[in-house]
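Structure file target29.cif (mmCIF, C-alpha atoms and all ligand atoms) follows.
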```cif
data_input
loop_
_atom_site.label_atom_id
_atom_site.label_comp_id
_atom_site.auth_asym_id
_atom_site.auth_seq_id
_atom_site.Cartn_x
_atom_site.Cartn_y
_atom_site.Cartn_z
CA MET A 1 14.41 1.76 23.83
CA THR A 2 17.13 -0.10 22.01
CA ALA A 3 17.54 1.02 18.44
CA ALA A 4 18.17 -1.56 15.73
CA ILE A 5 18.75 1.10 13.09
CA VAL A 6 19.78 4.69 13.62
CA ILE A 7 19.69 6.98 10.62
CA GLU A 8 21.21 10.38 11.29
CA ASP A 9 21.02 13.35 8.92
CA VAL A 10 21.41 11.16 5.87
CA SER A 11 21.56 12.76 2.45
CA LYS A 12 22.09 10.98 -0.84
CA ARG A 13 22.83 12.65 -4.12
CA TYR A 14 22.54 11.24 -7.61
CA ARG A 15 24.06 12.69 -10.68
CA LEU A 16 21.82 13.01 -13.69
CA TYR A 17 23.86 12.96 -16.86
CA HIS A 18 22.33 14.88 -19.71
CA GLU A 19 23.98 13.11 -22.54
CA ARG A 20 25.76 9.91 -23.07
CA ASN A 21 28.91 9.97 -25.12
CA GLN A 22 26.94 9.25 -28.26
CA THR A 23 29.65 10.31 -30.64
CA LEU A 24 33.37 10.58 -30.49
CA LYS A 25 33.11 14.11 -31.79
CA GLY A 26 30.69 15.07 -29.01
CA ALA A 27 32.97 13.61 -26.40
CA LEU A 28 35.96 15.43 -27.81
CA MET A 29 34.07 18.71 -27.96
CA ARG A 30 33.32 18.43 -24.28
CA ARG A 31 36.95 17.48 -23.76
CA GLY A 32 36.03 14.44 -21.77
CA ARG A 33 33.92 16.34 -19.28
CA SER A 34 30.42 15.07 -18.84
CA ARG A 35 27.62 17.41 -17.96
CA TYR A 36 25.32 16.52 -15.14
CA ASP A 37 22.92 17.92 -12.63
CA GLU A 38 22.99 16.99 -9.02
CA PHE A 39 19.87 15.72 -7.53
CA TRP A 40 19.20 14.98 -3.87
CA ALA A 41 17.21 11.77 -3.52
CA LEU A 42 17.48 11.97 0.29
CA ARG A 43 17.90 15.12 2.34
CA ASP A 44 18.67 15.23 6.06
CA VAL A 45 16.81 12.07 6.91
CA SER A 46 16.87 11.10 10.59
CA ILE A 47 14.96 8.05 11.80
CA GLU A 48 15.42 5.64 14.69
CA ILE A 49 13.95 2.21 14.35
CA GLU A 50 13.38 0.31 17.55
CA GLU A 51 14.58 -3.23 17.91
CA GLY A 52 11.75 -5.72 17.46
CA SER A 53 9.44 -3.20 15.82
CA THR A 54 7.90 -3.20 12.38
CA PHE A 55 8.59 0.02 10.55
CA GLY A 56 6.92 1.25 7.36
CA LEU A 57 8.25 3.64 4.73
CA ILE A 58 5.66 5.29 2.53
CA GLY A 59 5.57 8.11 0.01
CA GLU A 60 4.91 8.87 -3.62
CA ASN A 61 6.90 7.32 -6.45
CA GLY A 62 10.38 8.78 -6.46
CA SER A 63 10.24 10.07 -2.90
CA GLY A 64 13.40 8.14 -1.92
CA LYS A 65 12.13 5.01 -0.18
CA SER A 66 14.20 2.48 -2.12
CA THR A 67 17.24 4.74 -1.93
CA LEU A 68 16.94 4.82 1.85
CA LEU A 69 16.60 1.03 2.10
CA LYS A 70 19.68 0.63 -0.08
CA CYS A 71 21.61 2.98 2.18
CA ILE A 72 20.56 0.95 5.24
CA ALA A 73 21.62 -2.24 3.45
CA ARG A 74 24.94 -0.58 2.57
CA ILE A 75 24.39 -1.07 -1.14
CA LEU A 76 24.60 2.71 -1.48
CA ARG A 77 26.75 5.08 0.49
CA PRO A 78 25.12 8.26 1.77
CA ASP A 79 26.86 11.49 0.78
CA ALA A 80 26.28 12.87 4.25
CA GLY A 81 25.14 11.52 7.59
CA ARG A 82 25.51 8.18 9.32
CA ILE A 83 23.61 4.93 9.56
CA ALA A 84 24.20 2.45 12.38
CA VAL A 85 22.73 -1.03 12.19
CA ALA A 86 22.75 -3.41 15.16
CA GLY A 87 22.33 -7.03 14.17
CA LYS A 88 22.40 -9.28 11.16
CA LEU A 89 20.62 -7.80 8.22
CA SER A 90 18.86 -9.47 5.33
CA ALA A 91 17.24 -7.59 2.48
CA LEU A 92 14.92 -8.13 -0.44
CA LEU A 93 15.26 -4.99 -2.48
CA GLU A 94 15.02 -5.48 -6.19
CA LEU A 95 13.51 -8.09 -8.36
CA GLY A 96 16.17 -10.68 -9.09
CA ALA A 97 18.94 -8.72 -7.39
CA GLY A 98 21.57 -11.09 -6.11
CA PHE A 99 20.51 -13.87 -8.43
CA HIS A 100 22.76 -15.20 -11.08
CA GLN A 101 20.79 -15.64 -14.29
CA GLU A 102 22.55 -18.72 -15.64
CA LEU A 103 22.48 -20.63 -12.37
CA THR A 104 19.61 -22.80 -11.21
CA GLY A 105 17.35 -22.04 -8.28
CA ARG A 106 19.28 -24.52 -6.17
CA GLU A 107 22.66 -23.00 -7.03
CA ASN A 108 21.35 -19.52 -6.36
CA VAL A 109 20.09 -20.50 -2.93
CA TYR A 110 23.61 -21.68 -2.05
CA LEU A 111 25.19 -18.60 -3.59
CA ASN A 112 22.83 -16.23 -1.78
CA GLY A 113 23.09 -18.10 1.48
CA ALA A 114 26.86 -17.87 1.30
CA ILE A 115 26.72 -14.14 0.60
CA LEU A 116 24.44 -13.74 3.61
CA GLY A 117 26.97 -15.56 5.75
CA LEU A 118 25.68 -19.13 5.95
CA SER A 119 27.91 -22.18 5.71
CA LYS A 120 27.12 -24.97 3.25
CA LYS A 121 25.95 -27.07 6.17
CA ASP A 122 23.59 -24.32 7.35
CA ILE A 123 22.12 -24.06 3.90
CA ASP A 124 21.84 -27.86 3.53
CA SER A 125 19.71 -27.99 6.63
CA ARG A 126 17.43 -25.16 5.52
CA PHE A 127 17.29 -25.88 1.82
CA ASP A 128 14.04 -27.85 1.83
CA GLU A 129 12.28 -25.27 3.90
CA ILE A 130 13.42 -22.48 1.60
CA ILE A 131 12.16 -24.25 -1.51
CA ASP A 132 9.01 -25.37 0.22
CA PHE A 133 8.12 -21.85 1.38
CA ALA A 134 8.80 -20.56 -2.12
CA GLY A 135 6.67 -23.36 -3.58
CA LEU A 136 9.29 -24.00 -6.24
CA GLU A 137 9.96 -27.72 -5.86
CA GLN A 138 9.38 -28.33 -9.55
CA PHE A 139 11.66 -25.54 -10.71
CA VAL A 140 14.55 -25.89 -8.34
CA ASP A 141 16.89 -27.21 -11.02
CA SER A 142 15.91 -24.78 -13.78
CA PRO A 143 18.04 -21.69 -14.42
CA VAL A 144 16.44 -18.67 -12.79
CA LYS A 145 16.52 -16.75 -16.07
CA ASN A 146 13.43 -18.80 -16.93
CA TYR A 147 11.59 -17.83 -13.76
CA SER A 148 8.60 -15.49 -13.78
CA SER A 149 8.71 -12.29 -11.71
CA GLY A 150 6.60 -13.92 -9.04
CA MET A 151 8.95 -16.91 -8.85
CA TYR A 152 11.96 -14.61 -8.36
CA VAL A 153 10.23 -12.88 -5.50
CA ARG A 154 9.19 -16.14 -3.89
CA LEU A 155 12.72 -17.45 -3.93
CA GLY A 156 14.29 -14.14 -2.88
CA PHE A 157 11.90 -13.73 0.02
CA SER A 158 12.26 -17.29 1.14
CA VAL A 159 16.04 -17.05 1.22
CA ALA A 160 15.91 -13.67 2.95
CA ILE A 161 13.75 -14.90 5.83
CA ASN A 162 15.41 -18.28 6.20
CA VAL A 163 18.88 -16.94 6.91
CA GLU A 164 17.51 -15.92 10.31
CA PRO A 165 18.25 -12.23 10.19
CA ASP A 166 17.72 -9.87 13.11
CA ILE A 167 16.63 -7.18 10.69
CA LEU A 168 14.68 -7.71 7.50
CA LEU A 169 14.35 -5.02 4.83
CA ILE A 170 11.66 -5.55 2.22
CA ASP A 171 10.98 -3.28 -0.73
CA GLU A 172 7.51 -3.43 -2.19
CA ILE A 173 8.31 -6.12 -4.73
CA LEU A 174 6.33 -8.59 -2.66
CA ALA A 175 3.31 -7.19 -4.45
CA VAL A 176 4.48 -9.14 -7.50
CA GLY A 177 3.62 -12.40 -5.74
CA ASP A 178 0.16 -13.89 -6.24
CA ALA A 179 -2.58 -13.67 -3.63
CA GLU A 180 -1.72 -16.98 -2.00
CA PHE A 181 1.93 -16.07 -1.64
CA GLN A 182 1.10 -12.64 -0.24
CA TYR A 183 -1.10 -14.26 2.34
CA LYS A 184 1.75 -16.60 3.25
CA CYS A 185 4.10 -13.63 3.58
CA GLU A 186 1.65 -11.82 5.85
CA ARG A 187 1.57 -14.85 8.15
CA LYS A 188 5.35 -15.04 8.03
CA PHE A 189 5.62 -11.38 9.01
CA GLU A 190 3.46 -12.10 12.03
CA ASP A 191 5.79 -14.96 13.03
CA LEU A 192 8.87 -12.80 12.59
CA LYS A 193 7.27 -10.02 14.63
CA LYS A 194 6.51 -12.46 17.42
CA ALA A 195 10.08 -13.71 17.27
CA GLY A 196 11.24 -10.15 17.99
CA LYS A 197 12.75 -9.39 14.58
CA THR A 198 12.98 -5.86 13.29
CA ILE A 199 11.22 -5.42 9.96
CA VAL A 200 11.34 -2.44 7.63
CA ILE A 201 8.82 -2.50 4.79
CA VAL A 202 8.30 -0.18 1.85
CA SER A 203 4.83 -0.37 0.41
CA HIS A 204 2.13 1.54 -1.38
CA ALA A 205 -0.50 -0.67 0.22
CA ILE A 206 -1.41 1.81 2.92
CA GLU A 207 -3.96 -0.38 4.64
CA SER A 208 -1.40 -3.20 5.05
CA ILE A 209 1.14 -0.72 6.38
CA ARG A 210 -1.41 0.56 8.85
CA GLN A 211 -2.19 -2.99 9.90
CA PHE A 212 1.37 -4.33 10.19
CA CYS A 213 3.56 -1.46 11.26
CA ASP A 214 4.14 0.08 14.63
CA ARG A 215 5.65 3.25 13.28
CA VAL A 216 5.85 4.78 9.83
CA ALA A 217 7.83 7.49 8.05
CA LEU A 218 6.35 9.42 5.16
CA LEU A 219 8.97 10.57 2.66
CA ASP A 220 8.32 13.51 0.39
CA HIS A 221 10.92 14.51 -2.19
CA GLY A 222 13.66 12.89 -0.12
CA ARG A 223 12.69 14.46 3.19
CA VAL A 224 10.82 13.01 6.13
CA ARG A 225 7.48 14.77 6.11
CA SER A 226 5.82 12.81 8.87
CA LEU A 227 7.08 10.26 11.38
CA GLY A 228 5.15 8.52 14.11
CA PRO A 229 2.53 5.87 14.90
CA ALA A 230 1.34 4.02 11.79
CA ASN A 231 -2.22 5.28 12.02
CA ASP A 232 -1.29 8.95 12.20
CA VAL A 233 1.23 8.88 9.39
CA ALA A 234 -0.99 6.79 7.11
CA SER A 235 -3.75 9.33 7.69
CA ASP A 236 -1.40 12.23 6.89
CA TYR A 237 -0.45 10.56 3.65
CA LEU A 238 -4.00 9.74 2.64
CA GLU A 239 -5.14 13.22 3.57
CA GLY A 240 -2.61 14.59 1.07
CA VAL A 241 -3.86 12.23 -1.64
CA HIS A 242 -7.43 13.06 -0.67
CA LEU A 243 -6.91 16.81 -1.00
CA LYS A 244 -5.27 16.38 -4.38
CA SER A 245 -8.07 14.26 -5.75
CA ARG A 246 -10.74 16.47 -4.20
CA GLU A 247 -9.44 19.42 -6.20
CA GLU A 248 -9.84 17.47 -9.40
CA SER A 249 -12.88 15.58 -8.40
CA ARG A 250 -15.88 17.60 -9.51
CA SER A 251 -17.61 17.02 -12.81
CA GLY A 252 -21.00 17.38 -14.49
CA SER A 253 -23.26 19.84 -16.29
CA GLY A 254 -24.63 21.46 -13.12
CA GLU A 255 -28.47 21.84 -13.53
CA ILE A 256 -28.76 20.03 -10.23
CA GLN A 257 -25.88 20.13 -7.76
CA ILE A 258 -24.66 18.14 -4.83
CA GLN A 259 -24.48 20.45 -1.82
CA ARG A 260 -22.98 17.97 0.61
CA VAL A 261 -22.91 14.34 1.58
CA VAL A 262 -23.12 13.26 5.21
CA LEU A 263 -23.25 10.09 7.20
CA LEU A 264 -25.92 10.04 9.94
CA ASP A 265 -26.31 7.85 12.99
CA GLU A 266 -29.61 6.34 14.15
CA ALA A 267 -30.63 9.62 15.81
CA GLY A 268 -29.98 11.59 12.61
CA ASN A 269 -26.76 13.23 13.83
CA PRO A 270 -23.84 13.60 11.42
CA ILE A 271 -20.88 11.33 12.25
CA THR A 272 -17.45 10.64 10.79
CA ARG A 273 -16.88 7.44 12.76
CA ALA A 274 -19.23 4.50 12.67
CA ARG A 275 -19.26 1.09 14.31
CA THR A 276 -19.53 -2.22 12.54
CA GLY A 277 -23.19 -3.20 12.84
CA GLN A 278 -24.47 0.32 13.47
CA PRO A 279 -27.61 1.53 11.64
CA VAL A 280 -26.54 4.47 9.45
CA THR A 281 -27.90 6.70 6.69
CA PHE A 282 -25.97 8.18 3.80
CA ARG A 283 -27.54 11.54 2.95
CA LEU A 284 -26.96 13.49 -0.23
CA VAL A 285 -28.18 17.10 -0.05
CA PHE A 286 -28.93 18.63 -3.44
CA SER A 287 -30.08 21.87 -4.97
CA ALA A 288 -31.74 22.13 -8.40
CA ASN A 289 -32.21 25.50 -10.02
CA GLN A 290 -34.73 24.07 -12.48
CA PRO A 291 -37.05 21.03 -12.49
CA ILE A 292 -35.06 17.87 -13.20
CA GLU A 293 -37.02 14.94 -14.57
CA GLN A 294 -36.35 11.47 -13.29
CA PRO A 295 -32.86 11.99 -11.92
CA CYS A 296 -30.80 9.03 -10.77
CA PHE A 297 -28.85 9.41 -7.50
CA GLY A 298 -25.96 7.07 -6.82
CA PHE A 299 -23.41 6.36 -4.12
CA SER A 300 -20.23 4.41 -4.61
CA LEU A 301 -18.20 3.18 -1.71
CA ARG A 302 -14.53 2.24 -1.63
CA ARG A 303 -12.12 1.41 1.08
CA ILE A 304 -9.39 4.02 1.16
CA ASP A 305 -6.89 1.76 -0.61
CA GLY A 306 -9.28 1.60 -3.59
CA VAL A 307 -10.98 -1.71 -2.96
CA GLY A 308 -14.55 -1.39 -4.21
CA VAL A 309 -17.33 -2.25 -1.75
CA THR A 310 -20.66 -1.43 -3.37
CA ALA A 311 -22.34 1.16 -5.58
CA PRO A 312 -26.11 1.41 -5.13
CA ASN A 313 -28.22 3.90 -7.10
CA THR A 314 -31.88 4.87 -6.97
CA HIS A 315 -32.49 3.82 -10.56
CA ASP A 316 -31.48 0.20 -10.00
CA TYR A 317 -33.77 0.07 -6.96
CA GLY A 318 -36.69 1.29 -9.12
CA VAL A 319 -36.84 4.54 -7.15
CA ILE A 320 -37.55 7.06 -9.90
CA PRO A 321 -39.06 10.44 -8.94
CA ASP A 322 -41.12 12.23 -11.65
CA LYS A 323 -39.12 15.35 -11.03
CA VAL A 324 -37.19 17.13 -8.31
CA GLU A 325 -36.77 20.87 -7.83
CA GLY A 326 -35.20 23.30 -5.34
CA HIS A 327 -33.42 22.05 -2.25
CA GLY A 328 -33.80 18.50 -1.06
CA HIS A 329 -32.03 15.38 0.02
CA VAL A 330 -31.77 11.69 -0.76
CA ASP A 331 -31.29 9.14 2.03
CA TYR A 332 -29.83 5.69 1.61
CA ARG A 333 -30.56 3.80 4.84
CA VAL A 334 -28.43 0.88 5.97
CA PRO A 335 -29.98 -1.16 8.80
CA SER A 336 -26.68 -2.62 10.00
CA LEU A 337 -23.35 -1.40 8.61
CA PRO A 338 -21.50 -4.53 7.45
CA LEU A 339 -18.09 -2.84 7.03
CA LEU A 340 -15.05 -3.99 8.96
CA ALA A 341 -12.71 -1.50 10.60
CA GLY A 342 -11.02 0.85 8.14
CA THR A 343 -11.39 4.14 6.36
CA TYR A 344 -13.86 4.49 3.51
CA ASP A 345 -14.58 7.03 0.78
CA VAL A 346 -17.95 7.74 -0.73
CA ALA A 347 -18.32 9.05 -4.27
CA VAL A 348 -21.69 10.37 -5.43
CA SER A 349 -23.29 11.30 -8.69
CA ILE A 350 -26.54 12.61 -10.06
CA GLU A 351 -27.34 11.53 -13.60
CA ASP A 352 -30.26 11.71 -15.98
CA GLN A 353 -32.75 8.90 -16.34
CA ALA A 354 -30.92 7.26 -19.24
CA ARG A 355 -27.69 7.62 -17.30
CA THR A 356 -25.93 9.20 -20.24
CA LEU A 357 -25.66 12.72 -18.81
CA GLN A 358 -24.07 13.52 -15.49
CA TYR A 359 -25.51 16.58 -13.73
CA ASP A 360 -23.02 16.52 -10.89
CA GLY A 361 -20.48 14.12 -9.46
CA ARG A 362 -17.85 14.02 -6.75
CA VAL A 363 -15.17 11.43 -6.45
CA VAL A 364 -14.51 12.06 -2.77
CA ALA A 365 -17.69 13.45 -1.29
CA LEU A 366 -17.35 11.92 2.15
CA ARG A 367 -14.76 10.05 4.15
CA PHE A 368 -15.49 8.11 7.32
CA ASP A 369 -13.88 5.60 9.65
CA VAL A 370 -15.35 2.36 10.84
CA GLU A 371 -14.33 0.95 14.18
CA TRP A 372 -14.79 -2.58 15.29
CA GLN A 373 -16.53 -2.70 18.63
CA GLY A 374 -17.12 -5.91 20.47
CA GLY A 375 -18.31 -9.10 18.90
CA PRO A 376 -16.14 -11.81 17.45
CA SER A 377 -13.29 -10.36 15.44
CA GLU A 378 -12.90 -10.84 11.75
CA TRP A 379 -9.77 -9.39 10.33
CA LEU A 380 -9.62 -10.22 6.63
CA GLY A 381 -11.32 -8.19 3.94
CA VAL A 382 -13.97 -5.54 3.93
CA VAL A 383 -17.26 -6.86 5.32
CA THR A 384 -18.75 -9.08 7.95
CA PHE A 385 -21.77 -11.20 7.10
CA GLY A 386 -22.85 -10.93 10.72
CA GLY A 387 -23.57 -14.65 10.64
CA SER A 388 -23.95 -17.16 13.44
CA TRP A 389 -22.56 -20.68 13.82
CA ASP A 390 -23.87 -24.10 14.74
CA ILE A 391 -21.80 -27.25 15.21
CA VAL A 392 -23.69 -30.51 15.50
CA ASP A 393 -22.02 -33.86 16.18
CA ASN A 394 -22.92 -37.47 16.91
CA GLU A 395 -25.41 -37.50 14.08
CA PRO A 396 -26.35 -40.73 12.34
CA PRO A 397 -24.57 -40.97 8.96
CA SER A 398 -26.76 -39.71 6.15
N1 LIG A 401 20.78 5.38 -9.85
C1 LIG A 401 20.10 6.50 -9.91
N2 LIG A 401 20.57 7.56 -10.62
C2 LIG A 401 19.89 8.72 -10.67
N3 LIG A 401 18.73 8.95 -10.04
C3 LIG A 401 18.22 7.95 -9.33
C4 LIG A 401 18.85 6.67 -9.23
N4 LIG A 401 18.09 5.87 -8.45
C5 LIG A 401 17.03 6.62 -8.08
N5 LIG A 401 17.10 7.86 -8.61
C6 LIG A 401 16.14 8.96 -8.40
O1 LIG A 401 16.03 9.20 -7.01
C7 LIG A 401 14.70 9.47 -6.64
C8 LIG A 401 14.26 8.50 -5.56
O2 LIG A 401 14.18 7.21 -6.12
P1 LIG A 401 13.71 5.94 -5.29
O3 LIG A 401 13.86 4.78 -6.18
O4 LIG A 401 14.42 5.94 -3.99
O5 LIG A 401 12.18 6.30 -5.06
P2 LIG A 401 11.03 5.41 -4.41
O6 LIG A 401 10.45 6.22 -3.30
O7 LIG A 401 11.54 4.06 -4.08
O8 LIG A 401 9.96 5.35 -5.57
P3 LIG A 401 8.95 4.17 -6.02
O9 LIG A 401 7.72 4.32 -5.19
O10 LIG A 401 8.66 4.51 -7.45
O11 LIG A 401 9.66 2.86 -5.86
C9 LIG A 401 13.88 9.39 -7.92
O12 LIG A 401 13.68 10.67 -8.41
C10 LIG A 401 14.75 8.60 -8.86
O13 LIG A 401 14.57 9.00 -10.18
MG MG A 402 11.13 2.15 -4.84
#
```

Just give me the structure as structure tokens.
Ligand SMILES: Nc1ncnc2c1ncn2[C@@H]1O[C@H](COP(=O)(O)OP(=O)(O)OP(=O)(O)O)[C@@H](O)[C@H]1O
Ligand SMILES: [Mg+2]
Amino acid sequence: MTAAIVIEDVSKRYRLYHERNQTLKGALMRRGRSRYDEFWALRDVSIEIEEGSTFGLIGENGSGKSTLLKCIARILRPDAGRIAVAGKLSALLELGAGFHQELTGRENVYLNGAILGLSKKDIDSRFDEIIDFAGLEQFVDSPVKNYSSGMYVRLGFSVAINVEPDILLIDEILAVGDAEFQYKCERKFEDLKKAGKTIVIVSHAIESIRQFCDRVALLDHGRVRSLGPANDVASDYLEGVHLKSREESRSGSGEIQIQRVVLLDEAGNPITRARTGQPVTFRLVFSANQPIEQPCFGFSLRRIDGVGVTAPNTHDYGVIPDKVEGHGHVDYRVPSLPLLAGTYDVAVSIEDQARTLQYDGRVVALRFDVEWQGGPSEWLGVVTFGGSWDIVDNEPPS
């Protein structure tokens, strides 16, 4: 393997100052010394990023992702360790960074291009493409101080990719762009990947990271907690989030309780992996220590990144038992699972008939994976309609 970026035992320290020099007296009393704490934003980070690969950095807010990108881009200097970068690097790190407020979009493109090492002639030849990709034809001669956040990102990204870098660093600011622009960026990433560029992305969109990246590092309080294939590391991260929310996830008054929730295959066996198109049953096992009149049972399904899928409940289907008592279960049968590949969470709740009182509820009662198996592949979104196509030609005009 040829490494594009080698990060070796990197640590970065920030100083947190407790007080500004608010008053002259205060400053004099401290005799010019300022008081600060040291804080390690990165600690002994070692990562090798292979040339031509797409690498993801994930972790909670404040875990050190942006700090690490800035160290790679040489905007910050690590306090310990080394970083070697092989190739021309282009970075999109902070909203509006590198833009001059008073200058127009056009002037900023030239300024940025020059900083990234392009000649005026180079920029001339790419200018139209940059503006076109950014979709900013109308605003090219307005000062960027009047741009919206999304417009900044469009221009920044467009410049960053059009200088033909070998290595592209992108902090999560792309999320500021609208849906159309994000889609365009996704396509662009695919092109850059095919062209053998090395890409490092920071994002909280775990499903995108899983989809785009070859390898991922999970940072936790400035340390690498997990490093490896995208799927494994994304799962580690989500497992952590899952455990946290599971601890806080139970609610309700408790007269009837959810014992467990399971996903069953067509033979009635519990599964944690399902196929697109498979017949499955969601089963909620309950226990009521007193008769409960007309309870309402509900499931709510989300993809792991929070995208809602559906939330059926017995009440809305007109399925209203007079009463339930003791142990029992509720089955929700799905003849053909329409979900595309991904990981999904099921929340459940049992409420009273008026749906004003919750007896029991769990935010993460069940997690399962869906795998795509065979059939034509659909890659966008959450579901397949399972449709079929017809194309008819040579018809008389109607
Ligand atoms: N200039 C700075 N001075 C002091 N502390 C800083 C500075 N920049 C970042 N930090 C601190 O370093 C830690 C790591 O910050 P960083 O911005 O790298 O996190 P992040 O993983 O990018 O988080 P987010 O997901 O919120 O973008 C945080 O605790 C942050 O408060
Ligand atoms: Mg950040």

**OP:** Could you please determine the separation between CA of Arg210 (chain A) and CA of Asp44 (chain A) in Å, to one decimal place?
**Re:** 25.0 Å

Could you make a table, as a Markdown table, of the residues of chain A that have an atom within 7 Å of an atom of ligand MG 402 (chain A), each with its nearest atom pair and distance in Å to one decimal, counting all atoms listed in the file, in chain and number order?
```
| residue | atom | partner | partner_atom | distance |
| --- | --- | --- | --- | --- |
| A:Asn61 | CA | A:MG402 | MG | 6.9 |
| A:Gly62 | CA | A:MG402 | MG | 6.9 |
| A:Lys65 | CA | A:MG402 | MG | 5.6 |
| A:Ser66 | CA | A:MG402 | MG | 4.1 |
| A:Asp171 | CA | A:MG402 | MG | 6.8 |
```

Subject >> For CA of Tyr152 (chain A) and CA of Tyr183 (chain A), the interatomic separation in Å (one decimal) >> reply: 16.9 Å

To check your reading of the model: which residues sit at most 10 Å from ligand LIG 401 (chain A) when counting only C-alpha atoms and all ligand atoms? Write the answer as a PDB file with C-alpha atoms, in the coordinates of the input.
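Output contents, as saved in result-v2.pdb:
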```
ATOM      1  CA  LYS A  12      22.090  10.980  -0.840  1.00  0.00           C
ATOM      2  CA  ARG A  13      22.830  12.650  -4.120  1.00  0.00           C
ATOM      3  CA  TYR A  14      22.540  11.240  -7.610  1.00  0.00           C
ATOM      4  CA  ARG A  15      24.060  12.690 -10.680  1.00  0.00           C
ATOM      5  CA  LEU A  16      21.820  13.010 -13.690  1.00  0.00           C
ATOM      6  CA  TYR A  17      23.860  12.960 -16.860  1.00  0.00           C
ATOM      7  CA  ASP A  37      22.920  17.920 -12.630  1.00  0.00           C
ATOM      8  CA  GLU A  38      22.990  16.990  -9.020  1.00  0.00           C
ATOM      9  CA  PHE A  39      19.870  15.720  -7.530  1.00  0.00           C
ATOM     10  CA  TRP A  40      19.200  14.980  -3.870  1.00  0.00           C
ATOM     11  CA  ALA A  41      17.210  11.770  -3.520  1.00  0.00           C
ATOM     12  CA  LEU A  42      17.480  11.970   0.290  1.00  0.00           C
ATOM     13  CA  LEU A  57       8.250   3.640   4.730  1.00  0.00           C
ATOM     14  CA  ILE A  58       5.660   5.290   2.530  1.00  0.00           C
ATOM     15  CA  GLY A  59       5.570   8.110   0.010  1.00  0.00           C
ATOM     16  CA  GLU A  60       4.910   8.870  -3.620  1.00  0.00           C
ATOM     17  CA  ASN A  61       6.900   7.320  -6.450  1.00  0.00           C
ATOM     18  CA  GLY A  62      10.380   8.780  -6.460  1.00  0.00           C
ATOM     19  CA  SER A  63      10.240  10.070  -2.900  1.00  0.00           C
ATOM     20  CA  GLY A  64      13.400   8.140  -1.920  1.00  0.00           C
ATOM     21  CA  LYS A  65      12.130   5.010  -0.180  1.00  0.00           C
ATOM     22  CA  SER A  66      14.200   2.480  -2.120  1.00  0.00           C
ATOM     23  CA  THR A  67      17.240   4.740  -1.930  1.00  0.00           C
ATOM     24  CA  LEU A  68      16.940   4.820   1.850  1.00  0.00           C
ATOM     25  CA  LEU A  69      16.600   1.030   2.100  1.00  0.00           C
ATOM     26  CA  LYS A  70      19.680   0.630  -0.080  1.00  0.00           C
ATOM     27  CA  CYS A  71      21.610   2.980   2.180  1.00  0.00           C
ATOM     28  CA  LEU A  76      24.600   2.710  -1.480  1.00  0.00           C
ATOM     29  CA  LEU A  93      15.260  -4.990  -2.480  1.00  0.00           C
ATOM     30  CA  GLU A  94      15.020  -5.480  -6.190  1.00  0.00           C
ATOM     31  CA  ASP A 171      10.980  -3.280  -0.730  1.00  0.00           C
ATOM     32  CA  GLU A 172       7.510  -3.430  -2.190  1.00  0.00           C
ATOM     33  CA  ILE A 173       8.310  -6.120  -4.730  1.00  0.00           C
ATOM     34  CA  VAL A 202       8.300  -0.180   1.850  1.00  0.00           C
ATOM     35  CA  SER A 203       4.830  -0.370   0.410  1.00  0.00           C
ATOM     36  CA  HIS A 204       2.130   1.540  -1.380  1.00  0.00           C
ATOM     37  CA  LEU A 218       6.350   9.420   5.160  1.00  0.00           C
ATOM     38  CA  LEU A 219       8.970  10.570   2.660  1.00  0.00           C
ATOM     39  CA  ASP A 220       8.320  13.510   0.390  1.00  0.00           C
ATOM     40  CA  HIS A 221      10.920  14.510  -2.190  1.00  0.00           C
ATOM     41  CA  GLY A 222      13.660  12.890  -0.120  1.00  0.00           C
TER      42      GLY A 222
END
```

**OP:** Mind checking which residues fall within 8 Å of Met151 (chain A), counting all atoms listed in the file, ignoring those fewer than 4 positions away in the same chain, and posting them as a PyMOL selection string?
**Re:** chain A and resi 134+136+147+155+177

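Atom pair CA of Ala91 (chain A) / CA of Asn162 (chain A) has a distance of 11.5 Å (rounded to one decimal).
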
Find the axis-aligned box for region 202-214 of chain A, covering all its listed atoms and adding 3 Å on each side, and write its centre and edge lengths in Å to one decimal as lines of an AutoDock Vina configuration file.
```
center_x = 2.2
center_y = -1.3
center_z = 6.6
size_x = 18.3
size_y = 12.1
size_z = 22.0
```

Can you fill out region 161-166 of chain A with N, CA and C atoms and hand it back as an mmCIF file, in the frame of the given file?
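Contents of the output file selection26.cif:
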```cif
data_model
loop_
_atom_site.group_PDB
_atom_site.id
_atom_site.type_symbol
_atom_site.label_atom_id
_atom_site.label_comp_id
_atom_site.auth_asym_id
_atom_site.auth_seq_id
_atom_site.Cartn_x
_atom_site.Cartn_y
_atom_site.Cartn_z
ATOM 1 N N ILE A 161 14.269 -14.647 4.474
ATOM 2 C CA ILE A 161 13.750 -14.900 5.830
ATOM 3 C C ILE A 161 14.380 -16.134 6.461
ATOM 4 N N ASN A 162 14.880 -17.048 5.640
ATOM 5 C CA ASN A 162 15.410 -18.280 6.200
ATOM 6 C C ASN A 162 16.870 -18.206 6.642
ATOM 7 N N VAL A 163 17.518 -17.070 6.406
ATOM 8 C CA VAL A 163 18.880 -16.940 6.910
ATOM 9 C C VAL A 163 18.865 -16.434 8.357
ATOM 10 N N GLU A 164 17.670 -16.352 8.926
ATOM 11 C CA GLU A 164 17.510 -15.920 10.310
ATOM 12 C C GLU A 164 18.182 -14.597 10.614
ATOM 13 N N PRO A 165 17.698 -13.558 9.935
ATOM 14 C CA PRO A 165 18.250 -12.230 10.190
ATOM 15 C C PRO A 165 17.651 -11.645 11.466
ATOM 16 N N ASP A 166 18.317 -10.636 12.028
ATOM 17 C CA ASP A 166 17.720 -9.870 13.110
ATOM 18 C C ASP A 166 16.868 -8.755 12.523
#
```
